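Structure data (compact mmCIF, N, CA and C atoms) from coords_24.txt:
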# COMPACT_ATOMS: atom_id res chain seq x y z
N MET A 220 99.92 59.76 114.23
CA MET A 220 100.68 59.07 113.21
C MET A 220 101.44 57.92 113.88
N SER A 221 101.30 56.75 113.36
CA SER A 221 101.95 55.59 113.97
C SER A 221 103.42 55.53 113.59
N ALA A 222 104.17 54.73 114.30
CA ALA A 222 105.59 54.59 114.06
C ALA A 222 105.86 53.99 112.68
N LEU A 223 105.00 53.09 112.25
CA LEU A 223 105.17 52.46 110.95
C LEU A 223 104.99 53.49 109.83
N THR A 224 104.03 54.37 109.97
CA THR A 224 103.79 55.40 108.97
C THR A 224 104.98 56.36 108.92
N LYS A 225 105.52 56.71 110.08
CA LYS A 225 106.68 57.59 110.13
C LYS A 225 107.88 56.93 109.45
N ALA A 226 108.05 55.65 109.67
CA ALA A 226 109.18 54.93 109.07
C ALA A 226 109.05 54.88 107.56
N LYS A 227 107.86 54.68 107.06
CA LYS A 227 107.66 54.63 105.61
C LYS A 227 107.90 55.98 104.97
N SER A 228 107.48 57.06 105.64
CA SER A 228 107.69 58.38 105.07
C SER A 228 109.17 58.77 105.15
N PHE A 229 109.89 58.28 106.17
CA PHE A 229 111.32 58.58 106.28
C PHE A 229 112.09 57.93 105.15
N LYS A 230 111.68 56.73 104.76
CA LYS A 230 112.36 56.01 103.70
C LYS A 230 112.31 56.79 102.38
N LYS A 231 111.24 57.53 102.17
CA LYS A 231 111.09 58.28 100.92
C LYS A 231 111.55 59.73 101.05
N SER A 232 112.16 60.08 102.17
CA SER A 232 112.63 61.45 102.36
C SER A 232 114.07 61.59 101.90
N ARG A 233 114.55 62.84 101.84
CA ARG A 233 115.92 63.09 101.45
C ARG A 233 116.89 62.48 102.47
N ALA A 234 116.58 62.65 103.74
CA ALA A 234 117.45 62.11 104.78
C ALA A 234 117.50 60.58 104.71
N GLY A 235 116.37 59.97 104.46
CA GLY A 235 116.32 58.52 104.33
C GLY A 235 117.11 58.03 103.13
N THR A 236 117.05 58.78 102.05
CA THR A 236 117.80 58.40 100.85
C THR A 236 119.30 58.55 101.08
N TYR A 237 119.69 59.63 101.74
CA TYR A 237 121.12 59.80 102.07
C TYR A 237 121.60 58.67 102.99
N LEU A 238 120.78 58.29 103.94
CA LEU A 238 121.13 57.19 104.84
C LEU A 238 121.28 55.88 104.07
N SER A 239 120.41 55.64 103.12
CA SER A 239 120.49 54.42 102.30
C SER A 239 121.76 54.42 101.45
N ILE A 240 122.12 55.59 100.90
CA ILE A 240 123.36 55.69 100.12
C ILE A 240 124.56 55.39 101.00
N GLY A 241 124.54 55.94 102.22
CA GLY A 241 125.65 55.71 103.14
C GLY A 241 125.80 54.26 103.54
N THR A 242 124.70 53.62 103.82
CA THR A 242 124.78 52.21 104.22
C THR A 242 125.19 51.33 103.04
N SER A 243 124.76 51.70 101.85
CA SER A 243 125.18 50.93 100.68
C SER A 243 126.67 51.12 100.41
N ALA A 244 127.13 52.36 100.56
CA ALA A 244 128.55 52.64 100.33
C ALA A 244 129.42 51.96 101.38
N PHE A 245 128.89 51.76 102.58
CA PHE A 245 129.64 51.08 103.63
C PHE A 245 129.93 49.63 103.24
N GLY A 246 129.10 49.05 102.40
CA GLY A 246 129.32 47.68 101.93
C GLY A 246 130.57 47.53 101.08
N VAL A 247 131.10 48.63 100.58
CA VAL A 247 132.31 48.59 99.76
C VAL A 247 133.49 48.06 100.57
N PHE A 248 133.52 48.36 101.88
CA PHE A 248 134.61 47.88 102.72
C PHE A 248 134.62 46.35 102.78
N GLY A 249 133.46 45.76 102.88
CA GLY A 249 133.38 44.30 102.89
C GLY A 249 133.82 43.69 101.58
N VAL A 250 133.44 44.34 100.49
CA VAL A 250 133.85 43.84 99.17
C VAL A 250 135.36 43.97 99.00
N ALA A 251 135.93 45.06 99.49
CA ALA A 251 137.38 45.25 99.38
C ALA A 251 138.12 44.17 100.17
N LYS A 252 137.62 43.83 101.35
CA LYS A 252 138.22 42.75 102.14
C LYS A 252 138.12 41.42 101.41
N GLN A 253 136.97 41.20 100.79
CA GLN A 253 136.76 39.95 100.06
C GLN A 253 137.70 39.85 98.86
N ILE A 254 137.89 40.96 98.16
CA ILE A 254 138.79 40.96 97.00
C ILE A 254 140.22 40.71 97.45
N LYS A 255 140.63 41.36 98.54
CA LYS A 255 141.99 41.19 99.05
C LYS A 255 142.25 39.74 99.45
N ALA A 256 141.27 39.13 100.13
CA ALA A 256 141.43 37.73 100.55
C ALA A 256 141.45 36.80 99.34
N ALA A 257 140.61 37.07 98.36
CA ALA A 257 140.55 36.21 97.18
C ALA A 257 141.84 36.29 96.37
N ARG A 258 142.42 37.49 96.29
CA ARG A 258 143.68 37.63 95.56
C ARG A 258 144.83 36.93 96.27
N SER A 259 144.85 37.05 97.60
CA SER A 259 145.95 36.41 98.33
C SER A 259 145.86 34.88 98.26
N GLU A 260 144.65 34.35 98.15
CA GLU A 260 144.47 32.90 98.06
C GLU A 260 144.38 32.42 96.61
N HIS A 261 144.45 33.32 95.66
CA HIS A 261 144.32 33.00 94.23
C HIS A 261 143.02 32.24 93.95
N ASP A 262 141.95 32.71 94.57
CA ASP A 262 140.64 32.07 94.44
C ASP A 262 139.80 32.87 93.43
N THR A 263 139.73 32.37 92.22
CA THR A 263 139.04 33.07 91.14
C THR A 263 137.55 33.17 91.39
N LEU A 264 136.96 32.13 91.93
CA LEU A 264 135.52 32.13 92.15
C LEU A 264 135.12 33.19 93.18
N ARG A 265 135.87 33.31 94.26
CA ARG A 265 135.58 34.35 95.26
C ARG A 265 135.83 35.75 94.69
N LEU A 266 136.80 35.87 93.80
CA LEU A 266 137.08 37.16 93.16
C LEU A 266 135.92 37.56 92.25
N ILE A 267 135.36 36.61 91.53
CA ILE A 267 134.20 36.88 90.68
C ILE A 267 133.00 37.25 91.54
N ASP A 268 132.81 36.55 92.65
CA ASP A 268 131.72 36.86 93.56
C ASP A 268 131.85 38.28 94.10
N ALA A 269 133.06 38.68 94.46
CA ALA A 269 133.29 40.03 94.98
C ALA A 269 133.01 41.08 93.90
N ALA A 270 133.40 40.79 92.67
CA ALA A 270 133.15 41.73 91.58
C ALA A 270 131.66 41.91 91.32
N ILE A 271 130.92 40.81 91.37
CA ILE A 271 129.47 40.89 91.16
C ILE A 271 128.81 41.63 92.31
N THR A 272 129.26 41.38 93.53
CA THR A 272 128.72 42.10 94.69
C THR A 272 129.03 43.59 94.59
N GLY A 273 130.22 43.92 94.16
CA GLY A 273 130.59 45.33 93.96
C GLY A 273 129.73 45.99 92.91
N ALA A 274 129.44 45.27 91.82
CA ALA A 274 128.58 45.82 90.78
C ALA A 274 127.17 46.05 91.31
N ALA A 275 126.70 45.17 92.15
CA ALA A 275 125.37 45.34 92.74
C ALA A 275 125.32 46.56 93.65
N ILE A 276 126.39 46.79 94.40
CA ILE A 276 126.44 47.97 95.26
C ILE A 276 126.44 49.25 94.43
N VAL A 277 127.24 49.26 93.38
CA VAL A 277 127.30 50.44 92.50
C VAL A 277 125.95 50.71 91.86
N THR A 278 125.28 49.66 91.41
CA THR A 278 123.96 49.81 90.81
C THR A 278 122.95 50.34 91.82
N GLY A 279 123.00 49.81 93.03
CA GLY A 279 122.10 50.27 94.08
C GLY A 279 122.30 51.74 94.41
N ILE A 280 123.56 52.16 94.49
CA ILE A 280 123.84 53.57 94.77
C ILE A 280 123.38 54.45 93.62
N ALA A 281 123.57 54.00 92.39
CA ALA A 281 123.10 54.77 91.24
C ALA A 281 121.58 54.94 91.26
N LEU A 282 120.87 53.89 91.63
CA LEU A 282 119.41 54.00 91.74
C LEU A 282 119.00 54.97 92.84
N LEU A 283 119.71 54.94 93.96
CA LEU A 283 119.39 55.86 95.04
C LEU A 283 119.69 57.31 94.67
N VAL A 284 120.78 57.54 93.94
CA VAL A 284 121.10 58.90 93.48
C VAL A 284 120.02 59.39 92.52
N ARG A 285 119.55 58.51 91.66
CA ARG A 285 118.46 58.89 90.75
C ARG A 285 117.21 59.25 91.54
N GLU A 286 116.90 58.49 92.57
CA GLU A 286 115.75 58.79 93.41
C GLU A 286 115.94 60.12 94.13
N LEU A 287 117.15 60.40 94.55
CA LEU A 287 117.45 61.67 95.21
C LEU A 287 117.23 62.84 94.25
N LYS A 288 117.60 62.66 93.00
CA LYS A 288 117.36 63.71 92.00
C LYS A 288 115.87 63.90 91.77
N ARG A 289 115.12 62.83 91.77
CA ARG A 289 113.66 62.94 91.59
C ARG A 289 113.02 63.66 92.76
N LEU A 290 113.52 63.40 93.96
CA LEU A 290 113.01 64.11 95.13
C LEU A 290 113.32 65.60 95.01
N GLY A 291 114.47 65.93 94.45
CA GLY A 291 114.83 67.33 94.24
C GLY A 291 113.97 68.00 93.20
N ASP A 292 113.54 67.26 92.17
CA ASP A 292 112.71 67.81 91.12
C ASP A 292 111.33 68.17 91.63
N ASP A 293 110.86 67.42 92.62
CA ASP A 293 109.53 67.67 93.18
C ASP A 293 109.52 68.87 94.12
N ASP A 294 110.69 69.31 94.56
CA ASP A 294 110.76 70.41 95.52
C ASP A 294 110.57 71.73 94.81
N VAL A 295 109.59 72.50 95.23
CA VAL A 295 109.27 73.78 94.61
C VAL A 295 110.40 74.78 94.83
N LEU A 296 111.04 74.73 95.97
CA LEU A 296 112.08 75.70 96.29
C LEU A 296 113.35 75.50 95.47
N LEU A 297 113.61 74.29 95.01
CA LEU A 297 114.80 74.03 94.22
C LEU A 297 114.66 74.44 92.76
N GLY A 298 113.46 74.66 92.31
CA GLY A 298 113.24 75.12 90.94
C GLY A 298 112.98 73.99 90.07

Could you render the structure from this file as structure tokens?
Amino acid sequence: MSALTKAKSFKKSRAGTYLSIGTSAFGVFGVAKQIKAARSEHDTLRLIDAAITGAAIVTGIALLVRELKRLGDDDVLLG
């Protein structure tokens, strides 16, 4: 099995999905910094950008959680 095949199968595994959720959630810290800076500078455009970026992170995490539930549905042991 080649390294590329292993990487593709890891992406679709439970561990890979948890890792993706973690890395997506880590982006919240950057958005929080951006919001804090935009508020201190009274920069509405940067505040809107941070809100849209935050919404994208939340949407991405929701999609990953849905994928995690689908992986659980396919597992015979989970019922």

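One finds atom C of A:Ile271 at 26.2 Å from atom CA of A:Arg289.
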
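A straight line drawn from atom C of A:Leu283 to atom CA of A:Phe248 is 19.4 Å long.
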
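Counting only N, CA and C atoms, the residue from A:Gly235, A:Gly291, A:Gln253, A:Ala244 that sits nearest to A:Val277 is A:Ala244.
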
Original post:
Pick the closest to A:Thr272 from A:Leu238, A:Lys252, A:Val247, A:Ser232: which is it, counting only N, CA and C atoms?
Top reply: A:Val247

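In this model, the gap between atom C of A:Gly241 and atom C of A:Lys288 comes to 18.2 Å.
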
Just need the box for stretch 234-238 of chain A, edges along x, y and z, holding every atom the file lists for it with 6 Å tacked onto each side, so centre and edge lengths in Å to one decimal, as AutoDock Vina command-line options.
--center_x 119.0 --center_y 59.3 --center_z 102.8 --size_x 17.3 --size_y 18.8 --size_z 16.0

Could you rebuild stretch 279-291 of chain A with N, CA, C and O atoms and give me the result as a CSV table (one decimal), in the coordinates of the input?
chain,number,residue,atom,x,y,z
A,279,GLY,N,123.0,49.8,93.0
A,279,GLY,CA,122.1,50.3,94.1
A,279,GLY,C,122.3,51.7,94.4
A,279,GLY,O,121.3,52.5,94.6
A,280,ILE,N,123.6,52.2,94.5
A,280,ILE,CA,123.8,53.6,94.8
A,280,ILE,C,123.4,54.4,93.6
A,280,ILE,O,122.8,55.5,93.8
A,281,ALA,N,123.6,54.0,92.4
A,281,ALA,CA,123.1,54.8,91.2
A,281,ALA,C,121.6,54.9,91.3
A,281,ALA,O,121.1,56.0,91.0
A,282,LEU,N,120.9,53.9,91.6
A,282,LEU,CA,119.4,54.0,91.7
A,282,LEU,C,119.0,55.0,92.8
A,282,LEU,O,118.1,55.7,92.7
A,283,LEU,N,119.7,54.9,94.0
A,283,LEU,CA,119.4,55.9,95.0
A,283,LEU,C,119.7,57.3,94.7
A,283,LEU,O,118.9,58.2,95.0
A,284,VAL,N,120.8,57.5,93.9
A,284,VAL,CA,121.1,58.9,93.5
A,284,VAL,C,120.0,59.4,92.5
A,284,VAL,O,119.6,60.6,92.6
A,285,ARG,N,119.6,58.5,91.7
A,285,ARG,CA,118.5,58.9,90.8
A,285,ARG,C,117.2,59.2,91.5
A,285,ARG,O,116.5,60.2,91.2
A,286,GLU,N,116.9,58.5,92.6
A,286,GLU,CA,115.8,58.8,93.4
A,286,GLU,C,115.9,60.1,94.1
A,286,GLU,O,115.0,60.9,94.3
A,287,LEU,N,117.2,60.4,94.6
A,287,LEU,CA,117.4,61.7,95.2
A,287,LEU,C,117.2,62.8,94.2
A,287,LEU,O,116.7,63.9,94.6
A,288,LYS,N,117.6,62.7,93.0
A,288,LYS,CA,117.4,63.7,92.0
A,288,LYS,C,115.9,63.9,91.8
A,288,LYS,O,115.4,65.0,91.6
A,289,ARG,N,115.1,62.8,91.8
A,289,ARG,CA,113.7,62.9,91.6
A,289,ARG,C,113.0,63.7,92.8
A,289,ARG,O,112.1,64.4,92.6
A,290,LEU,N,113.5,63.4,94.0
A,290,LEU,CA,113.0,64.1,95.1
A,290,LEU,C,113.3,65.6,95.0
A,290,LEU,O,112.5,66.4,95.4
A,291,GLY,N,114.5,65.9,94.4
A,291,GLY,CA,114.8,67.3,94.2
A,291,GLY,C,114.0,68.0,93.2
A,291,GLY,O,113.7,69.2,93.3
